[in-house]
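Here is run-v5.txt, consisting of compact mmCIF, C-alpha atoms:
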# COMPACT_ATOMS: atom_id res chain seq x y z
CA MET A 1 -3.92 5.43 11.21
CA MET A 2 -7.13 4.39 9.49
CA GLY A 3 -7.08 2.28 6.34
CA HIS A 4 -7.85 5.13 3.96
CA SER A 5 -5.00 7.22 5.38
CA HIS A 6 -2.57 4.35 4.97
CA ALA A 7 -3.70 3.79 1.38
CA LEU A 8 -3.33 7.49 0.56
CA SER A 9 0.14 7.52 2.12
CA GLY A 10 1.11 4.63 -0.14
CA ILE A 11 0.14 6.62 -3.23
CA VAL A 12 1.91 9.76 -2.03
CA GLY A 13 5.01 7.81 -1.04
CA TRP A 14 5.47 6.14 -4.42
CA MET A 15 4.78 9.32 -6.37
CA ALA A 16 7.24 11.22 -4.17
CA VAL A 17 10.14 8.85 -4.88
CA VAL A 18 9.53 8.53 -8.64
CA PRO A 19 11.79 11.51 -9.55
CA PHE A 20 14.62 9.95 -7.53
CA LEU A 21 14.19 6.42 -8.92
CA ASP A 22 13.38 7.01 -12.58
CA GLY A 23 16.29 6.08 -14.83
CA ARG A 24 18.34 4.68 -11.96
CA GLU A 25 19.23 1.22 -10.67
CA ALA A 26 18.74 0.09 -7.08
CA LEU A 27 19.17 -3.37 -5.57
CA GLY A 28 19.49 -4.89 -9.01
CA VAL A 29 16.32 -3.28 -10.35
CA THR A 30 16.38 -0.70 -13.15
CA PHE A 31 13.60 1.85 -12.81
CA ASP A 32 12.13 3.09 -16.09
CA LEU A 33 8.97 4.70 -14.79
CA GLY A 34 6.49 5.90 -17.38
CA PRO A 35 2.92 7.02 -16.61
CA GLY A 36 1.68 3.42 -16.38
CA ASP A 37 4.42 2.49 -13.92
CA ILE A 38 3.63 5.53 -11.80
CA VAL A 39 -0.05 4.55 -11.59
CA ALA A 40 0.76 0.87 -11.02
CA GLY A 41 3.38 1.61 -8.37
CA SER A 42 1.08 4.04 -6.59
CA LEU A 43 -1.72 1.49 -6.36
CA VAL A 44 0.63 -1.35 -5.40
CA CYS A 45 2.05 0.83 -2.62
CA ALA A 46 -1.46 1.80 -1.53
CA GLY A 47 -2.43 -1.85 -1.19
CA ALA A 48 0.88 -2.82 0.42
CA ALA A 49 0.46 0.00 2.94
CA LEU A 50 -2.52 -1.97 4.31
CA ILE A 51 -0.79 -5.36 4.56
CA PRO A 52 0.65 -4.86 8.09
CA ASP A 53 -2.89 -4.57 9.47
CA LEU A 54 -3.65 -8.10 8.33
CA ASP A 55 -3.03 -8.97 11.98
CA ALA A 56 -6.22 -7.16 13.09
CA LYS A 57 -9.72 -8.65 12.84
CA SER A 58 -11.45 -5.34 12.13
CA SER A 59 -8.98 -3.91 9.61
CA THR A 60 -9.80 -2.96 6.02
CA ILE A 61 -7.58 -5.62 4.47
CA THR A 62 -8.87 -8.39 6.76
CA ASN A 63 -12.42 -7.79 5.55
CA THR A 64 -11.63 -7.28 1.86
CA TYR A 65 -11.80 -10.88 0.61
CA GLY A 66 -14.09 -12.43 3.20
CA VAL A 67 -13.16 -15.84 4.60
CA PHE A 68 -9.82 -15.88 2.77
CA THR A 69 -8.40 -12.69 4.31
CA ARG A 70 -10.03 -13.40 7.68
CA ALA A 71 -8.24 -16.76 7.78
CA LEU A 72 -4.95 -15.07 6.84
CA SER A 73 -5.58 -12.52 9.55
CA GLY A 74 -5.87 -15.24 12.17
CA ILE A 75 -2.61 -16.81 10.97
CA PHE A 76 -0.74 -13.50 10.92
CA ASN A 77 -2.08 -12.54 14.33
CA TRP A 78 -0.83 -15.83 15.77
CA MET A 79 2.53 -15.81 13.97
CA PHE A 80 3.46 -12.23 14.77
CA GLY A 81 2.18 -11.86 18.33
CA GLY A 82 -1.05 -9.91 17.90
CA HIS A 83 -1.90 -6.51 16.46
CA ARG A 84 0.88 -3.96 15.95
CA ASN A 85 3.66 -6.35 16.80
CA GLY A 86 5.64 -8.40 14.30
CA THR A 87 3.72 -7.22 11.24
CA HIS A 88 4.79 -3.68 12.08
CA SER A 89 8.52 -4.41 11.99
CA LEU A 90 11.28 -3.86 9.46
CA LEU A 91 11.72 -7.63 9.37
CA PHE A 92 8.14 -8.03 8.15
CA ALA A 93 8.64 -5.45 5.39
CA VAL A 94 11.76 -7.26 4.18
CA LEU A 95 10.00 -10.63 4.31
CA MET A 96 7.00 -9.38 2.32
CA GLY A 97 9.15 -7.61 -0.24
CA SER A 98 11.40 -10.65 -0.70
CA LEU A 99 8.41 -13.00 -1.01
CA ILE A 100 6.75 -10.91 -3.70
CA GLN A 101 10.01 -10.30 -5.56
CA GLY A 102 10.50 -14.06 -5.62
CA LEU A 103 6.97 -14.41 -6.98
CA ALA A 104 7.85 -11.97 -9.77
CA LEU A 105 10.91 -14.01 -10.71
CA TRP A 106 8.88 -17.23 -10.70
CA SER A 107 5.81 -16.37 -12.76
CA GLU A 108 4.46 -13.33 -14.61
CA LEU A 109 0.94 -14.73 -14.28
CA ALA A 110 1.33 -15.02 -10.51
CA VAL A 111 2.40 -11.37 -10.39
CA GLN A 112 -0.68 -10.29 -12.35
CA VAL A 113 -2.93 -12.23 -9.95
CA PHE A 114 -1.17 -10.64 -6.97
CA VAL A 115 -1.50 -7.17 -8.51
CA PHE A 116 -5.22 -7.77 -9.04
CA LEU A 117 -5.68 -8.80 -5.40
CA LEU A 118 -3.54 -5.93 -4.10
CA LEU A 119 -5.38 -3.34 -6.22
CA GLY A 120 -8.66 -4.64 -4.82
CA ILE A 121 -7.30 -4.06 -1.33
CA ALA A 122 -6.12 -0.58 -2.32
CA PHE A 123 -9.49 0.41 -3.79
CA ASN A 124 -11.27 -0.93 -0.71
CA GLY A 125 -8.94 1.08 1.49
CA LEU A 126 -9.59 4.20 -0.57
CA GLY A 127 -13.32 3.74 -0.03
CA LEU A 128 -14.44 2.58 -3.49
CA GLY A 129 -18.02 1.34 -3.31
CA SER A 130 -20.99 1.81 -1.03
CA GLU A 131 -20.74 1.11 2.68
CA LYS A 132 -24.53 0.61 2.82
CA ASN A 133 -24.57 -2.12 0.17
CA SER A 134 -21.76 -4.64 0.54
CA ILE A 135 -22.76 -6.59 -2.59
CA ALA A 136 -22.77 -3.48 -4.77
CA SER A 137 -19.49 -2.39 -3.20
CA ALA A 138 -17.88 -5.75 -3.98
CA VAL A 139 -19.11 -5.67 -7.58
CA ILE A 140 -17.91 -2.10 -8.15
CA ASN A 141 -14.55 -2.89 -6.57
CA ALA A 142 -14.09 -6.06 -8.65
CA MET A 143 -15.01 -4.31 -11.91
CA ALA A 144 -12.70 -1.37 -11.23
CA THR A 145 -9.87 -3.64 -10.09
CA GLY A 146 -10.18 -5.88 -13.14
CA ALA A 147 -10.34 -2.93 -15.54
CA VAL A 148 -7.30 -1.19 -14.06
CA THR A 149 -5.27 -4.40 -13.82
CA LEU A 150 -6.02 -5.18 -17.47
CA ALA A 151 -5.23 -1.63 -18.56
CA LEU A 152 -1.88 -1.72 -16.77
CA PHE A 153 -1.09 -5.12 -18.28
CA THR A 154 -1.90 -4.03 -21.83
CA SER A 155 0.14 -0.85 -21.37
CA GLY A 156 3.21 -3.01 -20.77
CA VAL A 157 3.94 -2.16 -17.13
CA ASP A 158 7.11 -3.91 -15.97
CA TYR A 159 6.65 -5.18 -12.42
CA SER A 160 10.35 -5.95 -11.88
CA TRP A 161 10.21 -3.44 -9.01
CA ILE A 162 7.15 -4.93 -7.29
CA GLY A 163 9.00 -6.45 -4.33
CA LEU A 164 10.61 -3.12 -3.48
CA ALA A 165 7.24 -1.36 -3.85
CA VAL A 166 5.58 -3.81 -1.45
CA ALA A 167 8.34 -3.43 1.14
CA PHE A 168 8.17 0.36 0.74
CA GLY A 169 4.38 0.32 1.17
CA CYS A 170 4.76 -1.63 4.41
CA PHE A 171 7.40 0.84 5.59
CA LEU A 172 5.06 3.75 4.84
CA HIS A 173 2.46 2.05 7.02
CA PHE A 174 4.98 1.97 9.86
CA LEU A 175 5.71 5.68 9.45
CA GLY A 176 2.00 6.42 9.57
CA ASP A 177 1.49 4.42 12.75
CA MET A 178 4.60 5.94 14.32
CA ALA A 179 2.78 9.26 13.99
CA THR A 180 0.03 7.90 16.25
CA GLU A 181 0.22 7.52 20.01
CA LEU A 182 0.57 3.70 20.00
CA GLY A 183 3.83 3.63 18.02
CA VAL A 184 5.32 0.55 16.32
CA PRO A 185 7.97 -2.07 17.30
CA LEU A 186 10.21 -1.50 14.28
CA LEU A 187 13.01 -3.73 15.57
CA TRP A 188 10.84 -6.71 16.56
CA PRO A 189 11.75 -9.44 17.54
CA ALA A 190 15.09 -8.03 18.80
CA THR A 191 13.18 -5.55 20.96
CA LYS A 192 9.55 -4.68 21.57
CA TYR A 193 10.34 -0.97 22.00
CA ARG A 194 7.64 1.06 20.24
CA PHE A 195 8.97 3.94 18.19
CA GLY A 196 6.69 6.97 18.42
CA GLU A 197 4.67 5.70 21.38
CA ASN A 198 2.80 8.39 23.35
CA ILE A 199 3.97 11.10 20.97
CA GLY A 200 1.56 11.38 18.05
CA PHE A 201 -2.16 11.80 17.47
CA THR A 202 -5.00 9.37 18.19
CA THR A 203 -6.14 7.15 15.31
CA ASP A 204 -9.29 8.48 13.60
CA SER A 205 -9.09 11.71 15.62
CA LYS A 206 -9.80 15.19 14.29
CA VAL A 207 -6.11 15.54 13.47
CA GLU A 208 -6.25 12.55 11.13
CA ARG A 209 -9.65 13.40 9.63
CA ASN A 210 -9.15 17.14 9.24
CA LEU A 211 -5.42 17.45 8.64
CA VAL A 212 -3.66 14.20 7.67
CA THR A 213 -6.19 12.83 5.17
CA PRO A 214 -6.81 16.16 3.37
CA SER A 215 -3.07 16.88 3.23
CA LEU A 216 -2.37 13.49 1.64
CA SER A 217 -5.15 14.03 -0.89
CA ILE A 218 -3.81 17.45 -1.87
CA ALA A 219 -0.30 16.01 -2.16
CA ILE A 220 -1.56 13.41 -4.66
CA VAL A 221 -3.10 16.11 -6.85
CA LEU A 222 0.06 18.26 -6.78
CA LEU A 223 2.34 15.30 -7.51
CA ALA A 224 0.11 14.20 -10.37
CA PHE A 225 0.43 17.64 -11.98
CA TYR A 226 4.21 17.45 -11.56
CA LEU A 227 4.86 13.88 -12.67
CA PHE A 228 2.59 13.24 -15.63
CA PRO A 229 3.23 14.69 -19.12
CA TRP A 230 -0.30 16.03 -19.44
CA PRO A 231 0.15 17.69 -22.90
CA GLU A 232 1.06 14.26 -24.28
CA LEU A 233 -1.64 12.35 -22.43
CA LEU A 234 -4.60 14.64 -23.08
CA PRO A 235 -6.33 14.64 -26.48
CA GLN A 236 -5.37 17.50 -28.75
CA VAL A 237 -8.05 20.12 -29.30
Once more with this new file: its structure as structure tokens, please.
Amino acid sequence: MMGHSHALSGIVGWMAVVPFLDGREALGVTFDLGPGDIVAGSLVCAGAALIPDLDAKSSTITNTYGVFTRALSGIFNWMFGGHRNGTHSLLFAVLMGSLIQGLALWSELAVQVFVFLLLGIAFNGLGLGSEKNSIASAVINAMATGAVTLALFTSGVDYSWIGLAVAFGCFLHFLGDMATELGVPLLWPATKYRFGENIGFTTDSKVERNLVTPSLSIAIVLLAFYLFPWPELLPQV
């Protein structure tokens, strides 16, 4: 799928599992998900849902932070055997989730920096900014990313779940690409068999543009109405 579809799927995916996670414990993490955590988790998942495409030169994430992400792209492409190979496996999702969870245990500041970078990727994937003016787009993205990151920090969001959210975002990416005709090698490196190959729709086809993307957008609106305590959040008249 295209970058914006992956980012939207990350938001929908996190919002969809909130009712099942809130107030529960999983893999040593206790989920106490207030409005701030829902927003933070949605954006983290949106950004993480773009990470597997760091193996492709033309992807949204590869072109988000210029030379830095392009260099990472070259490394990932070499390490994981090209586009839609190792970075589209369950092993990769576990590795990314474990790495970021370790980062969370090591330093709160490092987590905040990672969240800032990941939110920038998410906003870029969602199309924030002007395609005709890259400088203006970068400025708008940076301002929005900084403002949201700061707002989430001051609201006291607990990122103890961030590793799981990153792994989940990667997994949502795999599900999205499994719905396309190229499929994904989920069990790499044990096997290169591509789950979903020659079954789904073509990337950036009418199906994705006219059905998948609008459906994901509508799902976000409906889930937002369901999850957030709007009477408490909106100013009293």
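Of the listed residues (A:Ala40, A:Ala165, A:Ile199, A:Leu33), A:Ala165 comes nearest to Gln101 in chain A; the distances count only C-alpha atoms.
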Taking 5 positions as the minimum chain separation for residues in the same chain, which residues sit within 12 Å of Ile11 in chain A when counting all atoms listed in the file? Answer as an MDAnalysis selection string.
chainID A and resid 4:6 16:18 38:50 119 122:123 125:126 165:166 168:169 172:173 216:221 223:224
Between A:Ala138, A:Thr213, A:Pro231, A:Gly28, which has the minimum distance to Val12 in chain A (counting all atoms listed in the file)?
A:Thr213
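Checking A:Thr202, A:Asn210, A:Ser155, A:Ser73 one by one against Thr60 in chain A, counting all atoms listed in the file, you find the shortest gap at A:Ser73.
Straight-line separation from CA of Arg209 in chain A to CA of Ala167 in chain A: 26.1 Å.
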List every protein, DNA or RNA residue that has an atom no more than 7 Å from (2.5, -4.6, 19.2) in the file's coordinate frame, counting only C-alpha atoms, and report them as a PyMOL selection string.
chain A and resi 82-86+184-185
Any chance you can output those residues with C-alpha atoms as a PDB file, in the frame of the given file?
ATOM      1  CA  GLY A  82      -1.050  -9.910  17.900  1.00  0.00           C
ATOM      2  CA  HIS A  83      -1.900  -6.510  16.460  1.00  0.00           C
ATOM      3  CA  ARG A  84       0.880  -3.960  15.950  1.00  0.00           C
ATOM      4  CA  ASN A  85       3.660  -6.350  16.800  1.00  0.00           C
ATOM      5  CA  GLY A  86       5.640  -8.400  14.300  1.00  0.00           C
ATOM      6  CA  VAL A 184       5.320   0.550  16.320  1.00  0.00           C
ATOM      7  CA  PRO A 185       7.970  -2.070  17.300  1.00  0.00           C
TER       8      PRO A 185
END
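The space separating CA of Lys206 in chain A from CA of Asn77 in chain A comes to 28.8 Å.
Straight-line separation from CA of Met96 in chain A to CA of Ser58 in chain A: 21.3 Å.
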Skipping near chain neighbours, those fewer than 5 positions away, what residues fall within 10 Å of Thr69 in chain A using only C-alpha atoms, listed as a ChimeraX atom specification?
/A:54,57,60-64,74-75
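Take the candidates A:Cys170, A:Met15, A:Leu8, A:Leu95 and check each one against Leu222 in chain A using all atoms listed in the file; the shortest distance goes to A:Met15.
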Just the residues within 12 Å of range 191-194 of chain A, please, counting only C-alpha atoms, with nothing from its chain fewer than 2 positions along; format it as a list in words.
Phe80, Gly81, Arg84, Asn85, Gly86, His88, Ser89, Leu90, Leu91, Phe174, Leu175, Asp177, Met178, Ala179, Thr180, Glu181, Leu182, Gly183, Val184, Pro185, Leu186, Leu187, Trp188, Pro189, Gly196, Glu197, Asn198 and Ile199 of chain A
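Taking only C-alpha atoms into account, Thr145 in chain A lies nearest to A:Leu117 out of the set A:Leu164, A:Leu117, A:Leu211, A:Leu103.
Compared by their closest atoms to Ser59 in chain A, and using all atoms listed in the file, the residues A:Leu99, A:Leu150, A:Met1, A:Ala93 rank with A:Met1 nearest.
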Residue contacts of Ala104 in chain A (10 Å, all atoms listed in the file) excluding same-chain residues fewer than 2 positions away, as a list in words
Ser98, Leu99, Ile100, Gln101, Gly102, Trp106, Ser107, Glu108, Leu109, Ala110, Val111, Gln112, Phe114, Tyr159, Ser160, Trp161, Ile162 and Gly163 of chain A
